[in-house]
Amino acid sequence: MKVLIFKSPEDATEAVAASLIGQVLDKPDASLGFATGGTAEPVYDLMVSAFEKGKVSFRKVRAFNLDEYIGLTPDHPMSYRCYMRRHLFDRTDFQPENTHIPKGDAQDPAVEAVRYEEEIDRSGGIDCQLLGIGENGHIGFNEPTSSLSSRTRVKTLARGTVEANSRFFDRIEDVPRLCITMGIATILGSRKCLLLATGKRKAGAVAKMIEGPLAAICPASALQMHSNAVICLDEAAAGELNLRAYYLDVHPDGKVAAL
Ligand code: F6R
């Protein structure tokens, strides 16, 4: 695990966006895995800005999102398909046929989950998966006690996740309880995992992910098993790390030759 601690959330976010853009410059048809949520939004803004300045094109990039709510149609404003269109796809030259997100309105979500996993496989796998982390240690919507060898499947959201995500909905009752999410083994199958966490609220989960035991109670701890996992943090999210001084010794201010 490469643990990079940046002075500010902006610096951490910029490093993550630069890494994703770098992947595309190196390999224009890269396969990128995307996350939704508040932490990812400024990353997408920076990708849009690079596109607008003519620094990068996403025309050939293949996109695979981590998860989708069950019961929302793709055009529902709170669906993750809509989120991705609003924040990234419709503001750049991503080709719609290259953007993949589980279908939350599929007749049989369990069958849809298997189809999605196969789609990722058939495409040759994900080059770089962007991740956020929940306050309970979830990645994607793999809630605590998710099997560390899970594949894409239907999951029930934890109460805390429903509460956290209710800020995006009018009423908490409107937040779907079920989702389709890539599994932990699916995520670990990506050639690179890039996790961004900012803010004090994430500090406890971040410490468990990096320094806690490998355990299903903290799904993000599975990243300890990945040979190319890069964790980008701001000072606040790094606040509960015991070995903080060591990480800063190795990569002062999050600096590293290439992410
Ligand atoms: C959603 C996803 C989640 C979020 C996590 C953090 O696609 O992957 O794991 O990354 O819940 O969400 P924010 O950034 O809103 O705190």
# chains A, B, ... in the order shown; residues from 1 in each chain; ligands from 1
call {"tool": "residues_near_ligand", "arguments": {"ligand": "ligand 1", "cutoff": "8 Å", "atoms": "only C-alpha atoms and all ligand atoms", "output": "list in words"}}
result
Phe34, Ala35, Thr36, Gly37, Gly38, Thr39, Ala40, Asn65, Leu66, Asp67, Glu68, Tyr80, Leu131, Gly132, Ile133, Gly134, Glu135, His138, Ile139, Gly140, Phe141, Asn142, Thr161, Ala164, Asn165, Ala197 and Lys202 of chain A
call {"tool": "residues_around", "arguments": {"residues": "Ala12 (chain A)", "least_positions_apart": "5", "cutoff": "8 Å", "atoms": "only C-alpha atoms", "output": "list in words"}}
result
Ile5, Phe6, Lys7, Leu196, Thr198, Cys232, Leu233, Asp234 and Gly254 of chain A
call {"tool": "closest_residue", "arguments": {"among": "A:Glu14, A:Glu211, A:Asp29, A:Glu173", "to": "Ile126 (chain A)", "atoms": "only C-alpha atoms"}}
result
A:Asp29
call {"tool": "select_by_dssp", "arguments": {"residues": "region 94-200 of chain A", "states": "strand (DSSP E or B)", "output": "CSV table (one decimal) with N, CA and C atoms, in the first residue's frame"}}
result
chain,number,residue,atom,x,y,z
A,99,THR,N,-19.6,3.5,-21.5
A,99,THR,CA,-19.9,3.8,-20.1
A,99,THR,C,-20.8,2.7,-19.6
A,100,HIS,N,-20.3,2.0,-18.5
A,100,HIS,CA,-21.0,0.9,-18.0
A,100,HIS,C,-21.3,1.1,-16.5
A,128,CYS,N,-7.5,0.9,-13.7
A,128,CYS,CA,-7.4,1.7,-12.5
A,128,CYS,C,-8.8,2.0,-11.9
A,129,GLN,N,-9.0,1.6,-10.7
A,129,GLN,CA,-10.3,1.7,-10.0
A,129,GLN,C,-10.2,2.8,-9.0
A,130,LEU,N,-11.0,3.9,-9.2
A,130,LEU,CA,-11.1,5.0,-8.3
A,130,LEU,C,-12.1,4.5,-7.2
A,131,LEU,N,-11.7,4.8,-5.9
A,131,LEU,CA,-12.5,4.3,-4.8
A,131,LEU,C,-12.7,5.5,-3.8
A,139,ILE,N,-16.2,-0.1,0.8
A,139,ILE,CA,-15.7,0.3,-0.6
A,139,ILE,C,-16.7,-0.2,-1.6
A,142,ASN,N,-19.8,-2.5,-0.6
A,142,ASN,CA,-19.5,-3.7,0.2
A,142,ASN,C,-19.5,-3.3,1.7
A,153,ARG,N,-22.8,-8.3,-7.0
A,153,ARG,CA,-24.0,-8.9,-6.4
A,153,ARG,C,-24.9,-7.9,-5.8
A,154,VAL,N,-26.1,-8.4,-5.4
A,154,VAL,CA,-27.0,-7.5,-4.7
A,154,VAL,C,-26.6,-7.4,-3.2
A,155,LYS,N,-26.6,-6.2,-2.7
A,155,LYS,CA,-26.3,-6.0,-1.3
A,155,LYS,C,-27.4,-5.1,-0.7
A,156,THR,N,-27.5,-5.2,0.6
A,156,THR,CA,-28.4,-4.3,1.4
A,156,THR,C,-27.5,-3.2,2.0
A,178,LEU,N,-31.5,-1.2,-1.3
A,178,LEU,CA,-30.7,-2.3,-2.0
A,178,LEU,C,-29.9,-1.7,-3.1
A,179,CYS,N,-28.8,-2.4,-3.5
A,179,CYS,CA,-28.0,-1.9,-4.6
A,179,CYS,C,-27.3,-3.1,-5.3
A,180,ILE,N,-26.8,-2.9,-6.4
A,180,ILE,CA,-25.9,-3.8,-7.1
A,180,ILE,C,-24.5,-3.2,-6.9
A,181,THR,N,-23.5,-4.0,-6.4
A,181,THR,CA,-22.2,-3.5,-6.3
A,181,THR,C,-21.1,-4.5,-6.7
A,193,CYS,N,-5.7,0.2,-7.7
A,193,CYS,CA,-6.7,0.8,-6.9
A,193,CYS,C,-6.3,2.1,-6.4
A,194,LEU,N,-7.1,3.1,-6.6
A,194,LEU,CA,-6.7,4.5,-6.2
A,194,LEU,C,-7.8,5.0,-5.3
A,195,LEU,N,-7.5,5.1,-4.0
A,195,LEU,CA,-8.6,5.5,-3.0
A,195,LEU,C,-8.3,6.9,-2.5
A,196,LEU,N,-9.4,7.7,-2.5
A,196,LEU,CA,-9.3,9.1,-2.1
A,196,LEU,C,-10.2,9.2,-0.8
A,197,ALA,N,-9.6,9.7,0.3
A,197,ALA,CA,-10.4,10.0,1.4
A,197,ALA,C,-10.0,11.4,2.0
call {"tool": "closest_residue", "arguments": {"among": "A:Ala17, A:Ala229, A:Ala236, A:Val175", "to": "Ala203 (chain A)", "atoms": "only C-alpha atoms"}}
result
A:Ala236
call {"tool": "atom_distance", "arguments": {"atom1": "CA of Glu97 (chain A)", "atom2": "CA of Phe64 (chain A)"}}
result
11.3 Å
call {"tool": "closest_residue", "arguments": {"among": "A:Val230, A:Ile210, A:Val43, A:Ala222", "to": "Asn242 (chain A)", "atoms": "only C-alpha atoms"}}
result
A:Ile210
call {"tool": "atom_distance", "arguments": {"atom1": "CA of Asn98 (chain A)", "atom2": "CA of Arg62 (chain A)"}}
result
4.8 Å
call {"tool": "residues_around", "arguments": {"residues": "Ala215 (chain A)", "least_positions_apart": "5", "cutoff": "10 Å", "atoms": "only C-alpha atoms", "output": "PyMOL selection string"}}
result
chain A and resi 144-148+208-209+220-222
call {"tool": "closest_residue", "arguments": {"among": "A:Pro42, A:Pro9, A:Gly160, A:Gly199", "to": "His87 (chain A)", "atoms": "only C-alpha atoms"}}
result
A:Pro42
call {"tool": "atom_distance", "arguments": {"atom1": "CA of Leu25 (chain A)", "atom2": "CA of Val56 (chain A)"}}
result
6.8 Å
call {"tool": "decode", "arguments": {"residues": "region 116-130 of chain A", "atoms": "all heavy atoms", "output": "PDB file, in the first residue's frame"}}
result
ATOM      1  N   TYR A 116     -23.034  -8.029 -15.260  1.00  0.00           N
ATOM      2  CA  TYR A 116     -22.084  -6.908 -15.128  1.00  0.00           C
ATOM      3  C   TYR A 116     -20.673  -7.431 -14.853  1.00  0.00           C
ATOM      4  O   TYR A 116     -19.701  -6.966 -15.449  1.00  0.00           O
ATOM      5  CB  TYR A 116     -22.553  -5.979 -14.001  1.00  0.00           C
ATOM      6  CG  TYR A 116     -21.825  -4.654 -13.982  1.00  0.00           C
ATOM      7  CD1 TYR A 116     -21.973  -3.750 -15.025  1.00  0.00           C
ATOM      8  CD2 TYR A 116     -20.978  -4.308 -12.934  1.00  0.00           C
ATOM      9  CE1 TYR A 116     -21.307  -2.529 -15.014  1.00  0.00           C
ATOM     10  CE2 TYR A 116     -20.311  -3.090 -12.916  1.00  0.00           C
ATOM     11  CZ  TYR A 116     -20.475  -2.204 -13.962  1.00  0.00           C
ATOM     12  OH  TYR A 116     -19.814  -1.002 -13.969  1.00  0.00           O
ATOM     13  N   GLU A 117     -20.590  -8.393 -13.965  1.00  0.00           N
ATOM     14  CA  GLU A 117     -19.276  -8.995 -13.648  1.00  0.00           C
ATOM     15  C   GLU A 117     -18.652  -9.572 -14.929  1.00  0.00           C
ATOM     16  O   GLU A 117     -17.458  -9.387 -15.192  1.00  0.00           O
ATOM     17  CB  GLU A 117     -19.475 -10.092 -12.587  1.00  0.00           C
ATOM     18  CG  GLU A 117     -18.211 -10.808 -12.173  1.00  0.00           C
ATOM     19  CD  GLU A 117     -17.384 -10.070 -11.123  1.00  0.00           C
ATOM     20  OE1 GLU A 117     -17.938  -9.238 -10.382  1.00  0.00           O
ATOM     21  OE2 GLU A 117     -16.165 -10.330 -11.063  1.00  0.00           O
ATOM     22  N   GLU A 118     -19.493 -10.246 -15.735  1.00  0.00           N
ATOM     23  CA  GLU A 118     -18.983 -10.850 -16.977  1.00  0.00           C
ATOM     24  C   GLU A 118     -18.553  -9.770 -17.977  1.00  0.00           C
ATOM     25  O   GLU A 118     -17.578  -9.947 -18.712  1.00  0.00           O
ATOM     26  CB  GLU A 118     -20.060 -11.758 -17.605  1.00  0.00           C
ATOM     27  CG  GLU A 118     -20.210 -13.058 -16.819  1.00  0.00           C
ATOM     28  CD  GLU A 118     -21.411 -13.882 -17.250  1.00  0.00           C
ATOM     29  OE1 GLU A 118     -22.188 -13.445 -18.139  1.00  0.00           O
ATOM     30  OE2 GLU A 118     -21.587 -14.978 -16.669  1.00  0.00           O
ATOM     31  N   GLU A 119     -19.279  -8.662 -17.966  1.00  0.00           N
ATOM     32  CA  GLU A 119     -18.945  -7.555 -18.871  1.00  0.00           C
ATOM     33  C   GLU A 119     -17.548  -7.001 -18.541  1.00  0.00           C
ATOM     34  O   GLU A 119     -16.755  -6.705 -19.430  1.00  0.00           O
ATOM     35  CB  GLU A 119     -20.018  -6.466 -18.722  1.00  0.00           C
ATOM     36  CG  GLU A 119     -19.974  -5.409 -19.780  1.00  0.00           C
ATOM     37  CD  GLU A 119     -21.211  -4.509 -19.724  1.00  0.00           C
ATOM     38  OE1 GLU A 119     -21.661  -4.170 -18.617  1.00  0.00           O
ATOM     39  OE2 GLU A 119     -21.712  -4.156 -20.803  1.00  0.00           O
ATOM     40  N   ILE A 120     -17.277  -6.870 -17.260  1.00  0.00           N
ATOM     41  CA  ILE A 120     -15.946  -6.384 -16.833  1.00  0.00           C
ATOM     42  C   ILE A 120     -14.879  -7.374 -17.295  1.00  0.00           C
ATOM     43  O   ILE A 120     -13.858  -7.001 -17.871  1.00  0.00           O
ATOM     44  CB  ILE A 120     -15.888  -6.208 -15.295  1.00  0.00           C
ATOM     45  CG1 ILE A 120     -16.870  -5.122 -14.846  1.00  0.00           C
ATOM     46  CG2 ILE A 120     -14.462  -5.873 -14.834  1.00  0.00           C
ATOM     47  CD1 ILE A 120     -17.056  -5.028 -13.331  1.00  0.00           C
ATOM     48  N   ASP A 121     -15.152  -8.651 -17.069  1.00  0.00           N
ATOM     49  CA  ASP A 121     -14.205  -9.718 -17.454  1.00  0.00           C
ATOM     50  C   ASP A 121     -13.930  -9.682 -18.948  1.00  0.00           C
ATOM     51  O   ASP A 121     -12.776  -9.717 -19.380  1.00  0.00           O
ATOM     52  CB  ASP A 121     -14.834 -11.074 -17.147  1.00  0.00           C
ATOM     53  CG  ASP A 121     -14.310 -11.630 -15.848  1.00  0.00           C
ATOM     54  OD1 ASP A 121     -13.519 -10.936 -15.196  1.00  0.00           O
ATOM     55  OD2 ASP A 121     -14.728 -12.752 -15.495  1.00  0.00           O
ATOM     56  N   ARG A 122     -15.013  -9.662 -19.718  1.00  0.00           N
ATOM     57  CA  ARG A 122     -14.897  -9.689 -21.189  1.00  0.00           C
ATOM     58  C   ARG A 122     -14.105  -8.511 -21.719  1.00  0.00           C
ATOM     59  O   ARG A 122     -13.416  -8.607 -22.724  1.00  0.00           O
ATOM     60  CB  ARG A 122     -16.293  -9.673 -21.828  1.00  0.00           C
ATOM     61  CG  ARG A 122     -16.822 -11.057 -22.199  1.00  0.00           C
ATOM     62  CD  ARG A 122     -17.937 -10.973 -23.231  1.00  0.00           C
ATOM     63  NE  ARG A 122     -18.889  -9.912 -22.973  1.00  0.00           N
ATOM     64  CZ  ARG A 122     -19.936 -10.024 -22.153  1.00  0.00           C
ATOM     65  NH1 ARG A 122     -20.142 -11.142 -21.494  1.00  0.00           N
ATOM     66  NH2 ARG A 122     -20.756  -8.999 -21.966  1.00  0.00           N
ATOM     67  N   SER A 123     -14.196  -7.368 -21.005  1.00  0.00           N
ATOM     68  CA  SER A 123     -13.514  -6.161 -21.489  1.00  0.00           C
ATOM     69  C   SER A 123     -12.010  -6.222 -21.213  1.00  0.00           C
ATOM     70  O   SER A 123     -11.264  -5.340 -21.618  1.00  0.00           O
ATOM     71  CB  SER A 123     -14.100  -4.923 -20.819  1.00  0.00           C
ATOM     72  OG  SER A 123     -13.526  -4.776 -19.543  1.00  0.00           O
ATOM     73  N   GLY A 124     -11.584  -7.247 -20.471  1.00  0.00           N
ATOM     74  CA  GLY A 124     -10.149  -7.374 -20.170  1.00  0.00           C
ATOM     75  C   GLY A 124      -9.779  -6.823 -18.803  1.00  0.00           C
ATOM     76  O   GLY A 124      -8.600  -6.715 -18.465  1.00  0.00           O
ATOM     77  N   GLY A 125     -10.762  -6.452 -18.013  1.00  0.00           N
ATOM     78  CA  GLY A 125     -10.491  -5.992 -16.641  1.00  0.00           C
ATOM     79  C   GLY A 125     -10.248  -4.495 -16.569  1.00  0.00           C
ATOM     80  O   GLY A 125     -10.135  -3.816 -17.585  1.00  0.00           O
ATOM     81  N   ILE A 126     -10.177  -4.009 -15.342  1.00  0.00           N
ATOM     82  CA  ILE A 126     -10.082  -2.568 -15.095  1.00  0.00           C
ATOM     83  C   ILE A 126      -8.626  -2.173 -14.836  1.00  0.00           C
ATOM     84  O   ILE A 126      -7.938  -2.800 -14.031  1.00  0.00           O
ATOM     85  CB  ILE A 126     -11.011  -2.200 -13.909  1.00  0.00           C
ATOM     86  CG1 ILE A 126     -12.472  -2.400 -14.352  1.00  0.00           C
ATOM     87  CG2 ILE A 126     -10.766  -0.779 -13.416  1.00  0.00           C
ATOM     88  CD1 ILE A 126     -13.494  -2.292 -13.264  1.00  0.00           C
ATOM     89  N   ASP A 127      -8.170  -1.145 -15.547  1.00  0.00           N
ATOM     90  CA  ASP A 127      -6.779  -0.695 -15.360  1.00  0.00           C
ATOM     91  C   ASP A 127      -6.613   0.040 -14.045  1.00  0.00           C
ATOM     92  O   ASP A 127      -5.624  -0.160 -13.339  1.00  0.00           O
ATOM     93  CB  ASP A 127      -6.366   0.226 -16.518  1.00  0.00           C
ATOM     94  CG  ASP A 127      -6.244  -0.536 -17.825  1.00  0.00           C
ATOM     95  OD1 ASP A 127      -5.594  -1.597 -17.819  1.00  0.00           O
ATOM     96  OD2 ASP A 127      -6.814  -0.095 -18.841  1.00  0.00           O
ATOM     97  N   CYS A 128      -7.548   0.941 -13.745  1.00  0.00           N
ATOM     98  CA  CYS A 128      -7.420   1.725 -12.514  1.00  0.00           C
ATOM     99  C   CYS A 128      -8.805   1.974 -11.940  1.00  0.00           C
ATOM    100  O   CYS A 128      -9.675   2.520 -12.629  1.00  0.00           O
ATOM    101  CB  CYS A 128      -6.718   3.045 -12.813  1.00  0.00           C
ATOM    102  SG  CYS A 128      -6.520   4.052 -11.330  1.00  0.00           S
ATOM    103  N   GLN A 129      -9.000   1.554 -10.703  1.00  0.00           N
ATOM    104  CA  GLN A 129     -10.301   1.714 -10.046  1.00  0.00           C
ATOM    105  C   GLN A 129     -10.222   2.845  -9.027  1.00  0.00           C
ATOM    106  O   GLN A 129      -9.447   2.791  -8.073  1.00  0.00           O
ATOM    107  CB  GLN A 129     -10.692   0.405  -9.343  1.00  0.00           C
ATOM    108  CG  GLN A 129     -11.969   0.491  -8.520  1.00  0.00           C
ATOM    109  CD  GLN A 129     -13.205   0.703  -9.371  1.00  0.00           C
ATOM    110  OE1 GLN A 129     -13.486  -0.062 -10.289  1.00  0.00           O
ATOM    111  NE2 GLN A 129     -13.954   1.773  -9.096  1.00  0.00           N
ATOM    112  N   LEU A 130     -11.022   3.883  -9.244  1.00  0.00           N
ATOM    113  CA  LEU A 130     -11.136   4.956  -8.259  1.00  0.00           C
ATOM    114  C   LEU A 130     -12.094   4.506  -7.157  1.00  0.00           C
ATOM    115  O   LEU A 130     -13.163   3.973  -7.438  1.00  0.00           O
ATOM    116  CB  LEU A 130     -11.691   6.220  -8.942  1.00  0.00           C
ATOM    117  CG  LEU A 130     -12.017   7.397  -8.024  1.00  0.00           C
ATOM    118  CD1 LEU A 130     -10.755   7.935  -7.350  1.00  0.00           C
ATOM    119  CD2 LEU A 130     -12.706   8.519  -8.807  1.00  0.00           C
TER     120      LEU A 130
END
